[in-house]
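Asker: My structure is in data.cif, and what it holds is mmCIF, C-alpha atoms and all ligand atoms:
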```cif
data_coords
#
loop_
_atom_site.label_atom_id
_atom_site.label_comp_id
_atom_site.auth_asym_id
_atom_site.auth_seq_id
_atom_site.Cartn_x
_atom_site.Cartn_y
_atom_site.Cartn_z
CA MET A 1 0.00 0.00 0.00
CA ARG A 2 1.36 3.41 -1.00
CA PRO A 3 0.09 6.74 0.37
CA GLU A 4 -1.09 7.57 -3.16
CA ASP A 5 -3.52 4.67 -2.89
CA ILE A 6 -5.17 6.40 0.08
CA LEU A 7 -5.13 10.04 -1.00
CA ALA A 8 -4.78 11.13 -4.61
CA LEU A 9 -5.01 14.43 -6.43
CA THR A 10 -8.06 14.80 -8.69
CA PRO A 11 -9.39 17.84 -10.58
CA ALA A 12 -11.61 18.58 -7.57
CA GLY A 13 -8.68 18.43 -5.13
CA VAL A 14 -7.32 15.80 -2.72
CA CYS A 15 -9.52 12.70 -2.85
CA CYS A 16 -9.76 9.57 -0.73
CA LYS A 17 -11.41 7.02 -2.97
CA ARG A 18 -11.58 4.20 -0.45
CA GLY A 19 -13.11 6.55 2.12
CA GLY A 20 -15.45 8.15 -0.41
CA PHE A 21 -14.54 11.78 0.34
CA HIS A 22 -12.51 14.81 -0.72
CA ILE A 23 -10.59 17.16 1.58
CA ASP A 24 -11.15 20.91 0.92
CA PRO A 25 -12.37 20.26 -2.63
CA THR A 26 -12.29 23.16 -5.05
CA ARG A 27 -15.35 21.88 -6.92
CA PRO A 28 -18.69 20.54 -5.66
CA VAL A 29 -18.40 16.88 -4.55
CA GLU A 30 -20.60 14.28 -2.88
CA ARG A 31 -18.79 14.27 0.49
CA ALA A 32 -16.37 16.95 1.61
CA LEU A 33 -14.19 17.12 4.72
CA ILE A 34 -13.37 20.77 5.36
CA THR A 35 -10.32 21.96 7.32
CA HIS A 36 -11.50 25.56 7.88
CA ALA A 37 -13.94 28.19 6.67
CA HIS A 38 -11.71 30.36 4.43
CA SER A 39 -13.37 30.45 1.06
CA ASP A 40 -10.54 28.79 -0.87
CA HIS A 41 -10.91 25.69 1.33
CA ALA A 42 -14.61 25.82 2.17
CA ARG A 43 -16.90 26.15 -0.80
CA ALA A 44 -20.67 25.94 -1.02
CA GLY A 45 -22.53 23.26 -2.96
CA HIS A 46 -21.23 19.93 -1.62
CA GLY A 47 -23.58 17.01 -0.96
CA ALA A 48 -22.41 16.31 2.60
CA VAL A 49 -19.93 18.25 4.71
CA LEU A 50 -17.98 16.97 7.72
CA ALA A 51 -16.24 19.74 9.71
CA THR A 52 -15.96 21.24 13.18
CA GLN A 53 -19.06 23.00 14.53
CA GLU A 54 -17.31 26.38 14.20
CA THR A 55 -16.40 25.76 10.56
CA LEU A 56 -19.98 24.71 9.79
CA ASP A 57 -21.35 27.80 11.58
CA LEU A 58 -18.96 30.11 9.74
CA MET A 59 -19.87 28.53 6.40
CA ARG A 60 -23.52 29.07 7.23
CA ILE A 61 -22.86 32.74 8.02
CA ARG A 62 -21.04 33.24 4.73
CA TYR A 63 -23.06 31.08 2.33
CA GLY A 64 -26.49 30.87 3.92
CA GLU A 65 -28.53 28.06 5.43
CA ASN A 66 -28.39 25.78 2.36
CA PHE A 67 -24.64 25.77 1.75
CA ALA A 68 -24.57 21.92 1.69
CA GLY A 69 -27.00 19.03 1.28
CA SER A 70 -26.26 17.82 4.81
CA THR A 71 -23.74 18.58 7.54
CA GLN A 72 -22.09 16.65 10.35
CA ALA A 73 -20.09 18.27 13.15
CA ILE A 74 -16.97 16.64 14.56
CA GLY A 75 -14.96 17.73 17.62
CA TYR A 76 -11.19 17.92 18.04
CA GLY A 77 -9.75 14.51 18.87
CA GLU A 78 -12.87 12.77 17.60
CA SER A 79 -12.64 9.97 15.03
CA VAL A 80 -15.16 8.86 12.41
CA ALA A 81 -15.03 5.71 10.30
CA LEU A 82 -15.65 6.39 6.62
CA ASN A 83 -15.77 3.15 4.66
CA GLU A 84 -12.31 1.57 4.97
CA THR A 85 -10.71 4.62 6.57
CA THR A 86 -10.70 6.42 9.90
CA VAL A 87 -10.52 10.22 10.01
CA THR A 88 -9.66 12.32 13.05
CA PHE A 89 -9.75 16.11 13.40
CA HIS A 90 -6.99 17.97 15.31
CA PRO A 91 -6.59 21.72 16.00
CA ALA A 92 -4.60 23.62 13.34
CA GLY A 93 -4.24 26.95 15.20
CA HIS A 94 -5.07 28.91 12.03
CA VAL A 95 -8.55 30.43 12.66
CA LEU A 96 -11.54 29.56 14.86
CA GLY A 97 -12.59 25.96 14.16
CA SER A 98 -9.61 25.18 11.92
CA ALA A 99 -8.53 21.55 11.86
CA GLN A 100 -5.91 19.20 10.52
CA ILE A 101 -7.46 16.05 9.18
CA ALA A 102 -5.71 12.74 9.86
CA VAL A 103 -6.66 9.89 7.52
CA GLU A 104 -5.73 6.34 8.52
CA ALA A 105 -5.99 3.23 6.36
CA CYS A 106 -4.01 0.01 6.06
CA GLY A 107 -1.65 1.07 8.85
CA LEU A 108 -0.68 4.34 7.15
CA LYS A 109 -1.44 7.76 8.58
CA ILE A 110 -1.64 10.88 6.41
CA VAL A 111 -2.29 14.32 7.91
CA ALA A 112 -3.80 17.05 5.73
CA SER A 113 -3.05 20.15 7.75
CA GLY A 114 -4.97 22.72 5.69
CA ASP A 115 -3.57 26.10 6.76
CA TYR A 116 -1.88 26.20 10.16
CA LYS A 117 0.34 28.10 12.54
CA ASP A 118 2.19 26.81 15.58
CA VAL A 119 2.20 30.02 17.63
CA PRO A 120 -0.35 31.21 20.24
CA ASP A 121 -3.54 32.91 19.08
CA PRO A 122 -6.16 34.06 21.64
CA THR A 123 -8.98 33.38 19.14
CA CYS A 124 -8.51 29.67 18.45
CA ALA A 125 -7.37 26.35 19.90
CA PRO A 126 -3.57 25.85 19.75
CA PHE A 127 -1.97 23.80 16.95
CA GLU A 128 -1.56 20.16 17.87
CA LEU A 129 1.39 18.21 16.54
CA VAL A 130 0.25 14.91 15.01
CA ARG A 131 2.85 12.24 14.27
CA CYS A 132 2.26 10.68 10.86
CA ASP A 133 3.78 8.93 7.84
CA VAL A 134 2.83 11.59 5.30
CA PHE A 135 2.33 15.27 6.17
CA ILE A 136 0.48 17.51 3.73
CA THR A 137 1.47 21.12 4.30
CA GLU A 138 0.83 24.55 2.84
CA ALA A 139 3.87 26.68 1.99
CA THR A 140 2.45 30.22 1.94
CA PHE A 141 5.45 31.69 3.77
CA ALA A 142 7.96 28.91 3.14
CA LEU A 143 10.96 31.11 2.42
CA PRO A 144 13.69 31.90 4.97
CA VAL A 145 12.94 35.63 4.57
CA PHE A 146 9.56 35.10 6.26
CA ARG A 147 9.98 35.28 10.02
CA HIS A 148 6.85 36.73 11.53
CA GLY A 149 8.17 37.64 14.99
CA ASP A 150 6.00 38.53 17.97
CA PRO A 151 2.57 39.96 17.05
CA SER A 152 2.34 41.89 20.32
CA GLY A 153 5.25 44.05 19.14
CA GLU A 154 3.25 44.91 16.00
CA ILE A 155 0.18 45.75 18.10
CA GLY A 156 2.48 48.02 20.15
CA LYS A 157 3.38 49.91 16.95
CA LEU A 158 -0.31 50.46 16.19
CA LEU A 159 -1.06 51.71 19.71
CA HIS A 160 1.99 53.97 19.60
CA SER A 161 0.71 55.55 16.39
CA VAL A 162 -2.77 56.03 17.90
CA ALA A 163 -1.20 57.80 20.88
CA LEU A 164 1.00 59.92 18.61
CA PHE A 165 -1.84 61.01 16.28
CA PRO A 166 -4.97 61.35 18.45
CA ASP A 167 -6.80 63.36 15.78
CA ARG A 168 -6.33 60.84 12.98
CA ALA A 169 -8.37 57.74 12.25
CA HIS A 170 -6.47 54.45 12.18
CA LEU A 171 -7.69 52.07 9.50
CA VAL A 172 -6.41 48.52 9.84
CA GLY A 173 -6.81 46.23 6.83
CA ALA A 174 -7.30 42.66 8.03
CA TYR A 175 -8.93 39.59 6.50
CA SER A 176 -12.55 39.29 7.63
CA LEU A 177 -12.28 35.76 9.02
CA GLY A 178 -9.63 35.18 11.64
CA LYS A 179 -7.17 38.02 11.25
CA ALA A 180 -9.61 40.80 12.17
CA GLN A 181 -10.72 39.04 15.34
CA ARG A 182 -7.14 38.17 16.28
CA VAL A 183 -6.05 41.81 15.92
CA ILE A 184 -8.98 42.89 18.13
CA ALA A 185 -8.16 40.23 20.76
CA LEU A 186 -4.48 41.25 20.73
CA LEU A 187 -5.45 44.92 21.18
CA ARG A 188 -7.57 43.95 24.21
CA LYS A 189 -4.73 41.86 25.63
CA ALA A 190 -2.49 44.90 25.29
CA GLY A 191 -4.96 46.84 27.46
CA TYR A 192 -6.68 48.90 24.75
CA ASP A 193 -10.27 49.27 25.96
CA SER A 194 -11.81 51.95 23.71
CA PRO A 195 -14.56 50.90 21.27
CA ILE A 196 -13.22 49.33 18.06
CA TYR A 197 -15.08 50.06 14.82
CA LEU A 198 -15.91 47.48 12.18
CA HIS A 199 -16.53 47.53 8.44
CA GLY A 200 -19.91 45.94 7.67
CA ALA A 201 -18.30 42.95 5.92
CA MET A 202 -16.82 41.68 9.18
CA GLU A 203 -19.68 42.33 11.61
CA ALA A 204 -21.43 38.94 11.46
CA ILE A 205 -18.25 36.86 11.72
CA THR A 206 -16.91 39.01 14.56
CA ARG A 207 -20.20 38.71 16.44
CA TYR A 208 -19.94 34.95 16.02
CA TYR A 209 -16.42 34.92 17.50
CA ALA A 210 -17.71 36.95 20.47
CA SER A 211 -20.52 34.40 20.95
CA ARG A 212 -17.81 31.69 21.33
CA ASN A 213 -16.43 33.43 24.44
CA ILE A 214 -13.56 35.21 22.72
CA VAL A 215 -12.99 38.52 24.49
CA LEU A 216 -13.30 41.30 21.92
CA GLY A 217 -14.61 44.15 24.10
CA ILE A 218 -16.85 46.94 22.81
CA LEU A 219 -17.38 46.80 19.04
CA ARG A 220 -19.29 49.31 16.93
CA PRO A 221 -20.28 49.41 13.27
CA VAL A 222 -18.74 52.18 11.16
CA ARG A 223 -22.11 52.52 9.47
CA GLY A 224 -23.98 55.51 10.91
CA THR A 225 -21.04 56.70 13.01
CA ASP A 226 -20.09 60.37 13.14
CA LYS A 227 -16.88 61.28 11.34
CA ALA A 228 -15.63 63.05 14.47
CA GLU A 229 -16.07 59.90 16.52
CA LEU A 230 -13.71 57.99 14.17
CA ALA A 231 -10.81 60.40 14.80
CA GLY A 232 -8.38 58.80 17.22
CA ALA A 233 -10.23 55.49 16.96
CA ILE A 234 -9.19 52.13 15.48
CA THR A 235 -11.32 50.74 12.65
CA LEU A 236 -10.90 47.32 11.03
CA CYS A 237 -11.82 46.69 7.41
CA PRO A 238 -11.09 44.18 4.64
CA PRO A 239 -7.75 45.05 2.99
CA SER A 240 -9.47 45.94 -0.28
CA ALA A 241 -11.55 48.63 1.48
CA LEU A 242 -8.42 50.64 2.38
CA ASN A 243 -8.27 52.05 -1.13
CA GLU A 244 -11.98 52.29 -1.80
CA LEU A 245 -14.41 55.16 -1.66
CA TRP A 246 -15.55 53.76 1.68
CA ALA A 247 -12.27 54.90 3.30
CA ARG A 248 -12.86 58.56 2.40
CA ARG A 249 -15.24 59.10 5.30
CA PHE A 250 -12.35 58.82 7.75
CA PRO A 251 -10.58 61.91 9.08
CA ASP A 252 -6.94 61.98 7.83
CA PRO A 253 -6.56 58.20 8.13
CA VAL A 254 -3.35 56.29 8.89
CA ASN A 255 -3.53 53.10 6.81
CA ALA A 256 -2.30 49.91 8.47
CA PHE A 257 -2.38 46.35 7.16
CA ALA A 258 -2.00 43.20 9.27
CA SER A 259 -0.47 40.45 7.13
CA GLY A 260 2.55 38.18 6.87
CA TRP A 261 3.23 39.86 3.53
CA MET A 262 4.03 43.10 5.33
CA ARG A 263 7.51 41.67 5.91
CA VAL A 264 8.05 42.72 2.28
CA ARG A 265 8.40 46.51 2.51
CA ALA A 266 7.94 47.07 -1.21
CA ARG A 267 4.57 45.39 -1.00
CA ALA A 268 3.44 47.69 1.81
CA ARG A 269 4.63 50.78 -0.06
CA GLN A 270 2.97 49.69 -3.27
CA GLN A 271 -0.36 49.39 -1.48
CA GLY A 272 -0.08 52.72 0.25
CA VAL A 273 0.26 51.17 3.69
CA ALA A 274 1.93 53.60 6.08
CA LEU A 275 1.87 51.22 9.02
CA PRO A 276 2.68 47.62 8.01
CA LEU A 277 1.91 45.11 10.78
CA VAL A 278 3.57 41.71 10.39
CA ILE A 279 0.83 39.50 11.83
CA SER A 280 0.15 36.22 10.07
CA ASP A 281 -2.20 33.30 10.58
CA HIS A 282 0.18 31.03 8.66
CA ALA A 283 3.34 29.40 9.98
CA ASP A 284 6.53 31.18 8.95
CA TRP A 285 9.66 29.47 7.59
CA ASP A 286 10.80 28.35 11.05
CA GLY A 287 7.29 27.21 11.96
CA ILE A 288 6.84 25.14 8.82
CA THR A 289 10.25 23.46 8.91
CA ARG A 290 10.04 22.78 12.66
CA THR A 291 6.56 21.29 12.23
CA VAL A 292 7.50 19.16 9.22
CA ALA A 293 10.48 17.75 11.13
CA ALA A 294 8.49 17.12 14.32
CA THR A 295 5.71 15.14 12.62
CA GLY A 296 8.26 12.41 11.92
CA ALA A 297 6.77 12.04 8.44
CA GLY A 298 9.11 10.58 5.83
CA GLU A 299 7.10 12.06 3.02
CA ILE A 300 5.88 15.64 2.61
CA TRP A 301 3.28 16.85 0.13
CA VAL A 302 3.10 20.58 -0.45
CA THR A 303 -0.26 22.06 -1.46
CA HIS A 304 0.26 25.75 -2.25
CA GLY A 305 2.61 28.67 -1.78
CA GLN A 306 6.42 28.69 -2.04
CA GLU A 307 6.69 25.01 -2.90
CA ASP A 308 10.20 25.04 -4.37
CA ALA A 309 12.07 26.22 -1.29
CA LEU A 310 10.29 23.77 0.99
CA VAL A 311 10.69 20.82 -1.37
CA HIS A 312 14.40 21.64 -1.60
CA TRP A 313 14.73 21.91 2.19
CA CYS A 314 13.04 18.51 2.60
CA GLY A 315 15.58 17.03 0.16
CA THR A 316 18.46 18.29 2.28
CA ARG A 317 16.89 16.54 5.29
CA GLY A 318 16.44 13.24 3.49
CA LEU A 319 12.65 13.65 3.32
CA GLN A 320 10.74 12.79 0.20
CA ALA A 321 8.73 15.79 -0.92
CA ARG A 322 6.53 16.71 -3.81
CA PRO A 323 4.43 19.71 -4.77
CA LEU A 324 0.75 18.98 -5.40
CA ASP A 325 0.24 22.21 -7.35
CA ILE A 326 -3.41 22.46 -6.35
CA VAL A 327 -5.17 25.14 -8.35
CA GLY A 328 -7.65 27.23 -6.41
CA TYR A 329 -6.01 27.53 -2.99
CA GLY A 330 -4.69 30.80 -1.72
CA ASP A 331 -7.57 32.94 -2.93
CA GLU A 332 -8.45 34.03 0.54
CA ASP A 333 -6.59 35.06 3.66
CA GLU A 334 -2.91 35.61 3.08
CA GLY A 335 -2.46 32.84 0.58
CA GLY A 336 -3.71 34.83 -2.37
CA GLY A 337 -1.46 37.80 -2.02
CA ALA A 338 -2.38 40.92 -0.25
CA ASP A 339 -5.03 42.59 -2.31
CA ASP A 340 -8.40 41.16 -1.46
CA ASP A 341 -10.22 38.94 0.93
CA GLY A 342 -11.85 36.52 -1.37
CA GLY A 343 -14.65 38.55 -2.83
CA ASP A 344 -16.93 37.55 0.00
CA ALA A 345 -16.88 40.91 1.67
ZN ZN B 401 -6.87 29.78 5.56
ZN ZN B 402 -5.44 28.59 2.37
#
```
I need this file expressed as structure tokens, please.

Answerer:
Amino acid sequence: MRPEDILALTPAGVCCKRGGFHIDPTRPVERALITHAHSDHARAGHGAVLATQETLDLMRIRYGENFAGSTQAIGYGESVALNETTVTFHPAGHVLGSAQIAVEACGLKIVASGDYKDVPDPTCAPFELVRCDVFITEATFALPVFRHGDPSGEIGKLLHSVALFPDRAHLVGAYSLGKAQRVIALLRKAGYDSPIYLHGAMEAITRYYASRNIVLGILRPVRGTDKAELAGAITLCPPSALNELWARRFPDPVNAFASGWMRVRARARQQGVALPLVISDHADWDGITRTVAATGAGEIWVTHGQEDALVHWCGTRGLQARPLDIVGYGDEDEGGGADDDGGDA
């Protein structure tokens, strides 16, 4: 039995024929196992969906009540038998509800990690290391230049700017699912207790996070708020809104952007970001390589991102590695570049 006999790449994405399911399929399928609710991994229109309760709830918020024929919730650490396979969900530390999916058959264990990060995040369960034979990893920031550092230092920069310019609005571009809520939670942890304003596109998801006991403090919609009230305040919006008409209502705004891509100064400049904040929901180079090594997997499959560098690194460590070149991942959150948040907002 080879790993390829358990999981294989099809036009719809990674497929487990003997289990009768796909993982994060990019086209509608009969049965989908979903790692997390970002739109490049979680699409509407599948027959049956197996995912964590949070992922199902977030999909419902984004796509509406009828996003799938049927749904089944699974908890972290829980296993389900699907035909001749057993699948188990483990925390991925990426966004609320995000999971790695372990597939076991014929004595082989393959872990599809979806997107993940192995550093603390107050808005989701911490990444769990799962030992396996084959580890399927993303490679969004798999270049040695990407070292994200401590996000609280970046939050400190934002608060310093707010203190320095009390008459200016501070607009923080952040992806609507995960990043926005993490930035808010980090601001609260840093002791910032003023109301935080939200772009309409992130209200429902942020309310959902708050309903899951994540401390986000006082939140207000930008809609209907006095211009004067926004001076000196922090507002979160989808990155694309920073350069839209919407942003013109703000008094003399300082534009910030929270993303792993902000490590690349040219990228920040090009997008007119005065205050780049290096905060990422993906593992950086150290995180990816340390995780790959710790899984004990002898074989690494790379789904999307900077495949070449990671495949090369695996070679130097005696690990077999191959890029899957999946088309359709990386359209949302940081995977797709820094210009939009998936067209959902
Ligand atoms: Zn993601
Ligand atoms: Zn992704």

Asker: What's around region 6-22 of chain A at 9 Å? Count all atoms listed in the file, leave out sequence neighbours fewer than 6 positions away in its own chain, and write the answer as a list of chain:residue names.

Answerer: A:Pro28, A:Val29, A:Glu30, A:Arg31, A:Ala32, A:Leu33, A:Ile34, A:Ala81, A:Leu82, A:Asn83, A:Glu84, A:Thr85, A:Thr86, A:Val103, A:Glu104, A:Ala105, A:Cys106, A:Leu108, A:Ile110, A:Leu324, A:Ile326, A:Val327, A:Gly328

Asker: Within 12 Å of ligand ZN 402 (chain B), which residues show up when you count only C-alpha atoms and all ligand atoms? List them as number ranges by chain, please.

Answerer: A: 24-26, 34-42, 94-95, 98, 113-117, 137-141, 177, 281-283, 303-305, 326-337, 341-342

Asker: List the spatial neighbours of His160 (chain A) as a ChimeraX atom specification - criterion: any atom at most 12 Å away, only C-alpha atoms, same-chain residues fewer than 6 positions off excluded.

Answerer: /A:153-154,166,170,187,190,192,232,275

Asker: Name the residues, using the chain letters and numbers of the file, that sit within 12 Å of (1.3, 52.9, 2.0) when counting all atoms listed in the file, and give them as a short mmCIF file (atom, residue, chain, number, x, y, z; two decimals) with C-alpha atoms, in the frame of the given file.

Answerer:
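Contents of part.cif, as written:
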```
data_model
loop_
_atom_site.label_atom_id
_atom_site.label_comp_id
_atom_site.auth_asym_id
_atom_site.auth_seq_id
_atom_site.Cartn_x
_atom_site.Cartn_y
_atom_site.Cartn_z
CA LEU A 171 -7.69 52.07 9.50
CA VAL A 172 -6.41 48.52 9.84
CA GLY A 173 -6.81 46.23 6.83
CA LEU A 242 -8.42 50.64 2.38
CA ASN A 243 -8.27 52.05 -1.13
CA PRO A 253 -6.56 58.20 8.13
CA VAL A 254 -3.35 56.29 8.89
CA ASN A 255 -3.53 53.10 6.81
CA ALA A 256 -2.30 49.91 8.47
CA PHE A 257 -2.38 46.35 7.16
CA MET A 262 4.03 43.10 5.33
CA ARG A 265 8.40 46.51 2.51
CA ALA A 266 7.94 47.07 -1.21
CA ARG A 267 4.57 45.39 -1.00
CA ALA A 268 3.44 47.69 1.81
CA ARG A 269 4.63 50.78 -0.06
CA GLN A 270 2.97 49.69 -3.27
CA GLN A 271 -0.36 49.39 -1.48
CA GLY A 272 -0.08 52.72 0.25
CA VAL A 273 0.26 51.17 3.69
CA ALA A 274 1.93 53.60 6.08
CA LEU A 275 1.87 51.22 9.02
CA PRO A 276 2.68 47.62 8.01
CA LEU A 277 1.91 45.11 10.78
#
```

Asker: I need the residue nearest Thr88 (chain A) from this list: A:Ile74, A:Ala233, A:Val145, A:Ala293. Use only C-alpha atoms for the distance.

Answerer: A:Ile74

Asker: Identify which of the residues A:Ala102, A:Tyr175, A:Ala294, A:Ser161 lies closest to ligand ZN 401 (chain B), counting all atoms listed in the file when measuring atom-to-atom distances.

Answerer: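 Distance minimum relative to ligand ZN 401 (chain B) lands on A:Tyr175.
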
Asker: Which is closer to Cys237 (chain A) than all the others in A:Arg188, A:Arg131, A:Lys179, A:Arg62, using only C-alpha atoms?

Answerer: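 The closest residue to Cys237 (chain A) is A:Lys179.
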
Asker: So how many Å separate CA of Gln53 (chain A) and CA of Val302 (chain A), to one decimal?

Answerer: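 Those two atoms sit 26.9 Å apart.
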
Asker: Could you work out how far CA of Thr52 (chain A) lies from CA of Ala112 (chain A), giving the answer in Å with one decimal?

Answerer: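 Value for the CA of Ala112 (chain A)-CA of Thr52 (chain A) distance: 14.9 Å.
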
Asker: Just checking: using all atoms listed in the file, which residue out of A:Arg43, A:Arg27, A:Arg60, A:Arg317 ends up closest to Ile205 (chain A)?

Answerer: A:Arg60

Asker: Using only C-alpha atoms and all ligand atoms, can you tell me which of A:Gly156, A:His199, A:Gly178, A:Pro91 comes closest to ligand ZN 401 (chain B)?

Answerer: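 For ligand ZN 401 (chain B), the nearest of the candidates is A:Gly178.
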
Asker: Between A:Gly93, A:Pro239, A:Gly224, A:Gly200, single out the one closest to ligand ZN 401 (chain B), counting only C-alpha atoms and all ligand atoms.

Answerer: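 Closest to ligand ZN 401 (chain B), using only C-alpha atoms and all ligand atoms: A:Gly93.
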
Asker: Would you compute the distance between CA of Ala48 (chain A) and CA of Gly75 (chain A)? Give it in Å to one decimal.

Answerer: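 Pair CA of Ala48 (chain A) / CA of Gly75 (chain A) returns 16.8 Å.
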
Asker: Using all atoms listed in the file, which protein or nucleic acid residues come within 8 Å of Gly298 (chain A)? Drop anything in the same chain fewer than 4 positions from it, and give the result as a PDB file with C-alpha atoms, in the coordinates of the input.

Answerer:
```
ATOM      1  CA  ASP A 133       3.780   8.930   7.840  1.00  0.00           C
ATOM      2  CA  VAL A 134       2.830  11.590   5.300  1.00  0.00           C
ATOM      3  CA  LEU A 319      12.650  13.650   3.320  1.00  0.00           C
ATOM      4  CA  GLN A 320      10.740  12.790   0.200  1.00  0.00           C
TER       5      GLN A 320
END
```

Asker: Neighbours of Arg322 (chain A) within 9 Å (all atoms listed in the file; same-chain residues fewer than 3 positions away dropped), as an NGL selection string?

Answerer: :A and (299-303 or 307 or 311)
